[in-house]
Amino acid sequence: MIETDRDNSFDPKCVQGNILRGYHYARVRHLVLEVVNAALARRWLSQATDGSGAAPAITTEEEWLIKPASCFNLGFTYDGLKALGVPNASLASFAPEFKAGIARRAVKINDVGESAPENWASPFDTPDRVHIIASVYAEELEELDRVERQVADGLGGDGFAILGRHDGWNFDTDHVHFGYRDSMSQPRFVGVHDSDSYPDKQPLVPIGSMLIGYPTEYQNIRYAVPQPDALGRDGAFNAFRILKQDCAAFERYLDMAADSLLDDQLGEELLPVGDEAKFGPDTSRHAALREIIAAKMCGRWRNGVPLELSPDTPCPPEPVSPTDYDYGDDVRCPFGSHMRRCNPRGSTIVQRAARHTRRLVRRGYPYGGRYDPGKPDDEERGLLGNFICASLAGQFEAMMCDWLNLGLQDPRITGSNDPLLGANEAETSWFAIPLKSGRVIKLRGFPRFVTVRGGAYTFLASIPAIRYIANLER
Ligand code: HEM
């Protein structure tokens, strides 16, 4: 039992792993399962909860003495719970957005145009058949294959059809496509993380922001527990997203924007002549401008150094913390940058009460081969993202809708979308880079760099909840 105070105590062996703390394996495989025989699928779930029989054992939040060769976790969609025989009264007690499913929430989260569910790849083009996302994490491909066989053989093979398989890999120490370093900003939780080990100006997050049934940042408010308690408590919700990234278009845009700033007064203010030397020996002004634009769009330099702590160079003379900062004005880090939109930290925003309330745990892996700008190709690549929270509407959807796409947090960016992954169109897109003098560079003409290829809202049920489902008789 992890005890912080009475209200925050939870039992790590009841909670699925990878929610409160990440696994950090090199590879992931997400298997998309459809329940074809509920009784056999439930028996398989029973084996998975206690590691008996042939099914892979579900990994919990318990601490490891030795890191296992692989970890295994399950997320259930609303249609999946229904297919497994969860009674109607229980199904009715889940939050409306989870019941609707991600495809029916497309407009709210800006999955429109090319990203609309009708354009999603198989099997996400038949969302009602997507019942479980089974995720395997391991260092080696052979281990992923071994665990997949455990799912496909025996009871699993009779209970489920595998509709799809999505592999991701950490191809370069936490870098993702577009070249940025990722996996640094994560919520750290009361009673789970020691704030001294993760210096961060933000407060530790109450576990009720991720696990259902516990205190949240809102005074006296907990997210409603789906009923019965054994099913709902200690679970979390997840937005699983397959996000295709157009690396060639992104790099082309950086070239174009740098070209336009090269002989421009505003460009000289952004990068005073001679300052390109701060980017490394022999760096051209064009190359330095490209990096500045990429950094302003994200909120970090591509090597991970936060703009707020090092606004002028990705190579500060003294090392800086990746997380121990708060935002000041927008000259260092623009209000419209990806990170500042997703998490304004303690800075002033219009919906002041929403600060710190929309935190998401991100467990993502790139998919597809690494992009080489010297050899552009047509291979599909992107991010397999898990965005985990206690309330999909209050956290994930609110972030996608108000902050990433409408820019409601500050009037100076309202009407613009996130430059990295917003629903942008070249005709209308804009991104503001404020300068020290008070003047503003307005970048325009960038397309949507990220297209949604599929996804599902899943419930990362607790171990007692999976036992509850396994014991249903219908
Ligand atoms: C392909 C799409 C995406 C790319 C390339 C991307 C890239 C990044 C990068 C490079 C960072 C900084 C790394 C870090 O601080 O750990 C970051 C942070 C973050 N991203 Fe994304 N991201 C993507 C999609 C999304 C989506 C869809 C969401 C939300 C629904 C999101 C939410 C966040 C959040 C919450 C942070 C942390 C901000 C903070 O706490 O300061 N990202 N992203």
# chains A, B, ... in the order shown; residues from 1 in each chain; ligands from 1
$ residues_near_ligand --ligand "ligand 1" --cutoff "7 Å" --atoms "only C-alpha atoms and all ligand atoms" --output "PyMOL selection string"
chain A and resi 176-178+180-186+243-245+298+300+304+338-340+342-343+359-360+382-383+387+396+399-400+420-421+450
$ write_last_selection --atoms "N, CA, C and O atoms" --output "compact mmCIF listing (two decimals), in the first residue's frame"
# COMPACT_ATOMS: atom_id res chain seq x y z
N VAL A 176 12.00 12.04 -31.17
CA VAL A 176 10.85 11.64 -31.98
C VAL A 176 11.03 12.24 -33.38
O VAL A 176 11.93 13.06 -33.59
N HIS A 177 10.19 11.83 -34.33
CA HIS A 177 10.27 12.41 -35.67
C HIS A 177 10.06 13.93 -35.56
O HIS A 177 9.37 14.39 -34.64
N PHE A 178 10.56 14.67 -36.49
CA PHE A 178 10.73 16.13 -36.49
C PHE A 178 12.01 16.48 -35.72
O PHE A 178 12.38 17.65 -35.63
N TYR A 180 12.89 16.27 -32.43
CA TYR A 180 12.93 16.78 -31.05
C TYR A 180 13.21 15.66 -30.04
O TYR A 180 12.72 14.54 -30.21
N ARG A 181 13.88 16.04 -28.96
CA ARG A 181 13.99 15.13 -27.82
C ARG A 181 12.67 15.19 -27.06
O ARG A 181 12.10 16.25 -26.86
N ASP A 182 12.18 14.03 -26.62
CA ASP A 182 10.88 13.97 -25.94
C ASP A 182 11.04 13.29 -24.58
O ASP A 182 12.16 12.94 -24.17
N SER A 183 9.90 13.05 -23.93
CA SER A 183 9.85 12.27 -22.67
C SER A 183 10.57 12.92 -21.50
O SER A 183 11.21 12.24 -20.72
N MET A 184 10.51 14.23 -21.41
CA MET A 184 11.10 14.89 -20.25
C MET A 184 10.02 15.42 -19.32
O MET A 184 10.08 15.23 -18.11
N SER A 185 9.01 16.11 -19.88
CA SER A 185 7.96 16.66 -19.01
C SER A 185 6.89 15.61 -18.79
O SER A 185 6.26 15.18 -19.74
N GLN A 186 6.77 15.18 -17.56
CA GLN A 186 5.69 14.26 -17.19
C GLN A 186 5.18 14.72 -15.83
O GLN A 186 5.97 15.23 -15.03
N LEU A 243 -0.49 8.98 -34.90
CA LEU A 243 -0.32 10.32 -35.45
C LEU A 243 0.78 10.30 -36.51
O LEU A 243 1.97 10.15 -36.19
N LYS A 244 0.36 10.42 -37.76
CA LYS A 244 1.33 10.39 -38.86
C LYS A 244 2.02 11.76 -38.97
O LYS A 244 1.34 12.79 -38.95
N GLN A 245 3.34 11.75 -39.07
CA GLN A 245 4.08 13.01 -39.15
C GLN A 245 4.69 13.19 -40.54
O GLN A 245 5.37 12.27 -41.03
N CYS A 298 8.09 24.59 -30.75
CA CYS A 298 7.92 23.53 -29.75
C CYS A 298 7.93 24.07 -28.33
O CYS A 298 7.15 23.65 -27.49
N ARG A 300 10.99 23.95 -26.85
CA ARG A 300 12.32 23.41 -26.54
C ARG A 300 13.14 23.46 -27.82
O ARG A 300 12.60 23.30 -28.91
N GLY A 304 16.33 19.36 -26.67
CA GLY A 304 15.60 19.23 -25.41
C GLY A 304 15.77 20.39 -24.45
O GLY A 304 15.04 20.50 -23.47
N HIS A 338 4.06 24.64 -28.88
CA HIS A 338 3.36 23.39 -28.53
C HIS A 338 3.33 23.16 -27.03
O HIS A 338 2.29 22.93 -26.43
N MET A 339 4.51 23.26 -26.40
CA MET A 339 4.56 22.91 -24.97
C MET A 339 3.81 23.90 -24.10
O MET A 339 3.17 23.52 -23.14
N ARG A 340 3.91 25.19 -24.44
CA ARG A 340 3.25 26.18 -23.58
C ARG A 340 1.74 26.11 -23.74
O ARG A 340 0.99 26.39 -22.81
N CYS A 342 0.16 23.19 -24.31
CA CYS A 342 -0.25 21.96 -23.60
C CYS A 342 -0.20 22.13 -22.10
O CYS A 342 -0.95 21.49 -21.38
N ASN A 343 0.74 22.95 -21.64
CA ASN A 343 0.92 23.10 -20.20
C ASN A 343 1.47 24.49 -19.91
O ASN A 343 2.68 24.70 -19.96
N ARG A 359 -3.26 18.01 -16.71
CA ARG A 359 -2.02 17.27 -16.92
C ARG A 359 -2.32 15.92 -17.56
O ARG A 359 -3.33 15.28 -17.24
N LEU A 360 -1.45 15.50 -18.45
CA LEU A 360 -1.58 14.20 -19.12
C LEU A 360 -0.29 13.43 -18.92
O LEU A 360 0.79 14.02 -19.02
N GLY A 382 5.52 8.25 -37.72
CA GLY A 382 4.79 9.15 -36.82
C GLY A 382 4.95 8.73 -35.38
O GLY A 382 6.00 8.19 -34.98
N LEU A 383 3.90 8.97 -34.61
CA LEU A 383 3.96 8.73 -33.17
C LEU A 383 2.78 7.85 -32.77
O LEU A 383 1.64 8.13 -33.15
N PHE A 387 -2.22 9.07 -24.29
CA PHE A 387 -2.41 10.27 -23.47
C PHE A 387 -3.35 9.89 -22.34
O PHE A 387 -4.55 9.70 -22.55
N PHE A 396 -7.77 15.52 -21.65
CA PHE A 396 -7.33 15.34 -23.04
C PHE A 396 -8.13 16.21 -24.02
O PHE A 396 -7.57 16.96 -24.81
N MET A 399 -7.67 19.98 -23.58
CA MET A 399 -6.39 20.42 -24.12
C MET A 399 -6.43 20.48 -25.65
O MET A 399 -6.02 21.47 -26.26
N MET A 400 -6.95 19.41 -26.26
CA MET A 400 -7.00 19.36 -27.73
C MET A 400 -7.85 20.50 -28.29
O MET A 400 -7.51 21.10 -29.30
N LEU A 420 2.86 22.67 -34.42
CA LEU A 420 3.40 21.33 -34.73
C LEU A 420 2.30 20.38 -35.18
O LEU A 420 2.48 19.62 -36.12
N LEU A 421 1.16 20.37 -34.48
CA LEU A 421 0.18 19.32 -34.77
C LEU A 421 -1.25 19.80 -34.87
O LEU A 421 -2.17 18.99 -34.96
N VAL A 450 0.76 16.98 -38.92
CA VAL A 450 0.42 15.70 -38.25
C VAL A 450 -1.02 15.33 -38.61
O VAL A 450 -1.93 16.14 -38.46
$ select_by_dssp --residues "stretch 254-369 of chain A" --states "helix (DSSP H, G or I)" --output "ChimeraX atom specification"
/A:254-262,265-270,275-279,285-298,338-342,352-354
$ closest_residue --among "A:Gly454, A:Pro447, A:Pro199, A:Gly164" --to "A:Ala121" --atoms "only C-alpha atoms"
A:Gly454
$ select_by_dssp --residues "stretch 340-448 of chain A" --states "strand (DSSP E)" --output "VMD selection string"
chain A and resid 361 to 362 365 to 367 382 to 389 430 to 434 440 to 444
$ residues_around --residues "A:Tyr253" --least-positions-apart "3" --cutoff "9 Å" --atoms "only C-alpha atoms" --output "PyMOL selection string"
chain A and resi 248-250+256-258+445-447
$ residues_around --residues "A:Val440" --least-positions-apart "5" --cutoff "10 Å" --atoms "only C-alpha atoms" --output "tab-separated table (two decimals) with all heavy atoms, in the first residue's frame"
chain	number	residue	atom	x	y	z
A	266	LEU	N	13.52	41.84	-39.28
A	266	LEU	CA	12.99	41.07	-38.14
A	266	LEU	C	13.85	39.84	-37.90
A	266	LEU	O	14.10	39.44	-36.77
A	266	LEU	CB	11.55	40.65	-38.40
A	266	LEU	CG	10.50	41.78	-38.40
A	266	LEU	CD1	9.14	41.25	-38.79
A	266	LEU	CD2	10.45	42.46	-37.04
A	270	LEU	N	15.80	38.66	-34.56
A	270	LEU	CA	15.66	37.30	-33.99
A	270	LEU	C	17.04	36.67	-33.81
A	270	LEU	O	17.30	35.99	-32.81
A	270	LEU	CB	14.79	36.46	-34.94
A	270	LEU	CG	14.41	35.06	-34.48
A	270	LEU	CD1	13.52	35.12	-33.24
A	270	LEU	CD2	13.65	34.31	-35.59
A	331	VAL	N	8.55	36.44	-24.86
A	331	VAL	CA	9.72	36.70	-25.72
A	331	VAL	C	10.66	35.50	-25.70
A	331	VAL	O	11.24	35.13	-26.72
A	331	VAL	CB	10.45	37.99	-25.27
A	331	VAL	CG1	11.74	38.17	-26.05
A	331	VAL	CG2	9.54	39.18	-25.45
A	431	PHE	N	1.61	31.75	-36.80
A	431	PHE	CA	2.29	31.48	-35.54
A	431	PHE	C	3.12	32.71	-35.20
A	431	PHE	O	3.93	33.16	-36.01
A	431	PHE	CB	3.18	30.24	-35.68
A	431	PHE	CG	4.07	29.99	-34.49
A	431	PHE	CD1	3.54	29.73	-33.24
A	431	PHE	CD2	5.46	30.03	-34.62
A	431	PHE	CE1	4.36	29.52	-32.13
A	431	PHE	CE2	6.29	29.81	-33.52
A	431	PHE	CZ	5.72	29.56	-32.27
A	432	ALA	N	2.91	33.27	-34.00
A	432	ALA	CA	3.55	34.54	-33.64
A	432	ALA	C	4.82	34.30	-32.82
A	432	ALA	O	4.79	33.55	-31.84
A	432	ALA	CB	2.57	35.38	-32.84
A	433	ILE	N	5.90	34.94	-33.26
A	433	ILE	CA	7.16	34.92	-32.49
A	433	ILE	C	7.43	36.35	-32.01
A	433	ILE	O	7.92	37.19	-32.78
A	433	ILE	CB	8.34	34.43	-33.36
A	433	ILE	CG1	8.03	33.05	-33.97
A	433	ILE	CG2	9.63	34.38	-32.54
A	433	ILE	CD1	9.14	32.49	-34.85
A	434	PRO	N	7.11	36.66	-30.74
A	434	PRO	CA	7.34	38.00	-30.22
A	434	PRO	C	8.84	38.26	-30.06
A	434	PRO	O	9.59	37.36	-29.69
A	434	PRO	CB	6.63	38.00	-28.86
A	434	PRO	CG	5.73	36.79	-28.90
A	434	PRO	CD	6.41	35.80	-29.78
A	435	LEU	N	9.26	39.50	-30.33
A	435	LEU	CA	10.67	39.88	-30.22
A	435	LEU	C	10.87	40.84	-29.05
A	435	LEU	O	9.90	41.44	-28.57
A	435	LEU	CB	11.11	40.54	-31.53
A	435	LEU	CG	10.99	39.65	-32.77
A	435	LEU	CD1	11.21	40.47	-34.03
A	435	LEU	CD2	12.00	38.50	-32.71
$ atom_distance --atom1 "atom CA of A:Arg233" --atom2 "atom CA of A:Gly101"
20.1 Å
$ residues_around --residues "A:Arg129" --least-positions-apart "2" --cutoff "10 Å" --atoms "only C-alpha atoms" --output "JSON, numbers by chain"
{"A": [32, 33, 34, 35, 36, 77, 79, 80, 83, 123, 124, 125, 126, 127, 131, 132, 161, 163]}
$ residues_around --residues "A:Glu473" --least-positions-apart "3" --cutoff "9 Å" --atoms "only C-alpha atoms" --output "ChimeraX atom specification"
/A:39,85,469-470
$ write_last_selection --atoms "N, CA and C atoms" --output "mmCIF file, in the first residue's frame"
data_model
loop_
_atom_site.group_PDB
_atom_site.id
_atom_site.type_symbol
_atom_site.label_atom_id
_atom_site.label_comp_id
_atom_site.auth_asym_id
_atom_site.auth_seq_id
_atom_site.Cartn_x
_atom_site.Cartn_y
_atom_site.Cartn_z
ATOM 1 N N ALA A 39 -16.958 -15.691 -23.522
ATOM 2 C CA ALA A 39 -16.668 -16.601 -22.397
ATOM 3 C C ALA A 39 -15.176 -16.974 -22.397
ATOM 4 N N GLY A 85 -19.436 -8.437 -21.817
ATOM 5 C CA GLY A 85 -20.613 -8.731 -20.999
ATOM 6 C C GLY A 85 -20.784 -7.855 -19.769
ATOM 7 N N ILE A 469 -14.415 -8.344 -14.466
ATOM 8 C CA ILE A 469 -14.891 -8.639 -15.835
ATOM 9 C C ILE A 469 -14.744 -10.141 -16.119
ATOM 10 N N ALA A 470 -13.591 -10.694 -15.690
ATOM 11 C CA ALA A 470 -13.332 -12.124 -15.961
ATOM 12 C C ALA A 470 -14.369 -13.011 -15.286
#
$ atom_distance --atom1 "atom CA of A:Gly336" --atom2 "atom CA of A:Asn405"
10.1 Å
$ residues_around --residues "A:Tyr457" --least-positions-apart "2" --cutoff "10 Å" --atoms "only C-alpha atoms" --output "list of chain:residue names"
A:Gly75, A:Phe76, A:Thr77, A:Tyr78, A:Glu97, A:Phe98, A:Lys99, A:Ala100, A:Gly101, A:Ile102, A:Ala103, A:Arg105, A:Val130, A:Ile132, A:Ile133, A:Phe237, A:Asn238, A:Ala239, A:Phe240, A:Arg241, A:Asn386, A:Phe387, A:Ile388, A:Leu392, A:Gly455, A:Phe459, A:Leu460
$ write_last_selection --atoms "N, CA, C and O atoms" --output "short mmCIF file (atom, residue, chain, number, x, y, z; two decimals), in the first residue's frame"
data_model
loop_
_atom_site.label_atom_id
_atom_site.label_comp_id
_atom_site.auth_asym_id
_atom_site.auth_seq_id
_atom_site.Cartn_x
_atom_site.Cartn_y
_atom_site.Cartn_z
N GLY A 75 -5.95 -2.11 -22.43
CA GLY A 75 -6.91 -1.00 -22.38
C GLY A 75 -8.19 -1.45 -23.07
O GLY A 75 -8.14 -2.00 -24.17
N PHE A 76 -9.33 -1.22 -22.43
CA PHE A 76 -10.63 -1.69 -22.94
C PHE A 76 -11.42 -0.51 -23.50
O PHE A 76 -11.55 0.52 -22.83
N THR A 77 -11.97 -0.66 -24.69
CA THR A 77 -12.86 0.38 -25.20
C THR A 77 -14.25 0.14 -24.61
O THR A 77 -14.54 -0.93 -24.04
N TYR A 78 -15.14 1.11 -24.79
CA TYR A 78 -16.53 0.93 -24.33
C TYR A 78 -17.16 -0.27 -25.05
O TYR A 78 -17.79 -1.11 -24.41
N GLU A 97 -18.03 10.81 -22.85
CA GLU A 97 -17.08 10.82 -23.97
C GLU A 97 -16.47 9.44 -24.18
O GLU A 97 -16.18 9.04 -25.31
N PHE A 98 -16.29 8.67 -23.09
CA PHE A 98 -15.76 7.31 -23.24
C PHE A 98 -16.82 6.43 -23.90
O PHE A 98 -16.50 5.63 -24.78
N LYS A 99 -18.08 6.61 -23.48
CA LYS A 99 -19.15 5.82 -24.09
C LYS A 99 -19.27 6.12 -25.59
O LYS A 99 -19.49 5.23 -26.40
N ALA A 100 -19.11 7.39 -25.94
CA ALA A 100 -19.22 7.76 -27.36
C ALA A 100 -18.08 7.16 -28.17
O ALA A 100 -18.25 6.73 -29.31
N GLY A 101 -16.89 7.10 -27.58
CA GLY A 101 -15.71 6.59 -28.31
C GLY A 101 -15.05 7.72 -29.09
O GLY A 101 -15.69 8.74 -29.43
N ILE A 102 -13.78 7.54 -29.38
CA ILE A 102 -12.99 8.64 -29.95
C ILE A 102 -13.52 9.10 -31.31
O ILE A 102 -13.51 10.30 -31.61
N ALA A 103 -14.00 8.16 -32.13
CA ALA A 103 -14.41 8.55 -33.49
C ALA A 103 -15.61 9.50 -33.44
O ALA A 103 -15.70 10.44 -34.24
N ARG A 105 -16.17 11.63 -31.19
CA ARG A 105 -15.75 12.91 -30.58
C ARG A 105 -14.83 13.68 -31.52
O ARG A 105 -14.15 14.63 -31.11
N VAL A 130 -13.12 -2.45 -32.49
CA VAL A 130 -11.89 -2.27 -31.70
C VAL A 130 -12.26 -2.41 -30.23
O VAL A 130 -12.91 -1.54 -29.66
N ILE A 132 -10.07 -4.08 -27.52
CA ILE A 132 -8.98 -4.01 -26.54
C ILE A 132 -7.71 -3.58 -27.28
O ILE A 132 -7.46 -4.03 -28.40
N ILE A 133 -6.94 -2.69 -26.66
CA ILE A 133 -5.57 -2.45 -27.14
C ILE A 133 -4.67 -3.16 -26.13
O ILE A 133 -4.62 -2.78 -24.95
N PHE A 237 -8.22 6.59 -17.81
CA PHE A 237 -8.62 6.61 -19.22
C PHE A 237 -7.41 6.96 -20.08
O PHE A 237 -6.47 7.60 -19.62
N ASN A 238 -7.49 6.51 -21.33
CA ASN A 238 -6.37 6.71 -22.24
C ASN A 238 -6.87 7.08 -23.63
O ASN A 238 -7.81 6.46 -24.13
N ALA A 239 -6.26 8.10 -24.22
CA ALA A 239 -6.51 8.37 -25.64
C ALA A 239 -5.34 7.78 -26.40
O ALA A 239 -4.22 8.30 -26.32
N PHE A 240 -5.59 6.66 -27.10
CA PHE A 240 -4.56 6.03 -27.92
C PHE A 240 -4.66 6.66 -29.31
O PHE A 240 -5.76 6.71 -29.88
N ARG A 241 -3.55 7.18 -29.83
CA ARG A 241 -3.58 7.92 -31.10
C ARG A 241 -2.46 7.47 -32.02
O ARG A 241 -1.31 7.34 -31.59
N ASN A 386 0.03 7.53 -26.31
CA ASN A 386 -0.96 7.26 -25.27
C ASN A 386 -1.04 8.50 -24.41
O ASN A 386 -0.02 8.95 -23.88
N PHE A 387 -2.22 9.07 -24.29
CA PHE A 387 -2.41 10.27 -23.47
C PHE A 387 -3.35 9.89 -22.34
O PHE A 387 -4.55 9.70 -22.55
N ILE A 388 -2.78 9.75 -21.14
CA ILE A 388 -3.50 9.11 -20.03
C ILE A 388 -3.97 10.15 -19.03
O ILE A 388 -3.23 11.10 -18.71
N LEU A 392 -11.21 12.13 -19.74
CA LEU A 392 -10.89 12.44 -21.14
C LEU A 392 -11.46 13.80 -21.53
O LEU A 392 -10.83 14.58 -22.24
N GLY A 455 -7.25 5.55 -33.76
CA GLY A 455 -7.15 5.76 -32.32
C GLY A 455 -8.33 5.13 -31.60
O GLY A 455 -9.24 4.59 -32.24
N PHE A 459 -10.06 2.23 -21.46
CA PHE A 459 -10.10 2.28 -20.00
C PHE A 459 -9.02 1.33 -19.51
O PHE A 459 -9.05 0.13 -19.81
N LEU A 460 -8.03 1.88 -18.78
CA LEU A 460 -6.93 1.06 -18.26
C LEU A 460 -7.41 0.54 -16.91
O LEU A 460 -7.11 1.11 -15.85
#
$ closest_residue --among "A:Arg363, A:Arg439, A:Lys201, A:Arg27" --to "A:Asp167" --atoms "only C-alpha atoms"
A:Arg27
$ closest_residue --among "A:Ser284, A:Ser429, A:Ser122, A:Gln202" --to "A:Arg355" --atoms "only C-alpha atoms"
A:Gln202
$ closest_residue --among "A:Thr357, A:Ala288, A:Tyr365, A:Ile463" --to "A:Val205" --atoms "only C-alpha atoms"
A:Thr357
$ closest_residue --among "A:Ala152, A:Ile162, A:Ala106, A:Ile293" --to "A:Leu31" --atoms "only C-alpha atoms"
A:Ile162
$ atom_distance --atom1 "atom CA of A:Ala89" --atom2 "atom CA of A:Ala134"
25.6 Å
$ closest_residue --among "A:Glu269, A:Arg453, A:Asn110, A:Gly232" --to "A:Trp403" --atoms "only C-alpha atoms"
A:Asn110
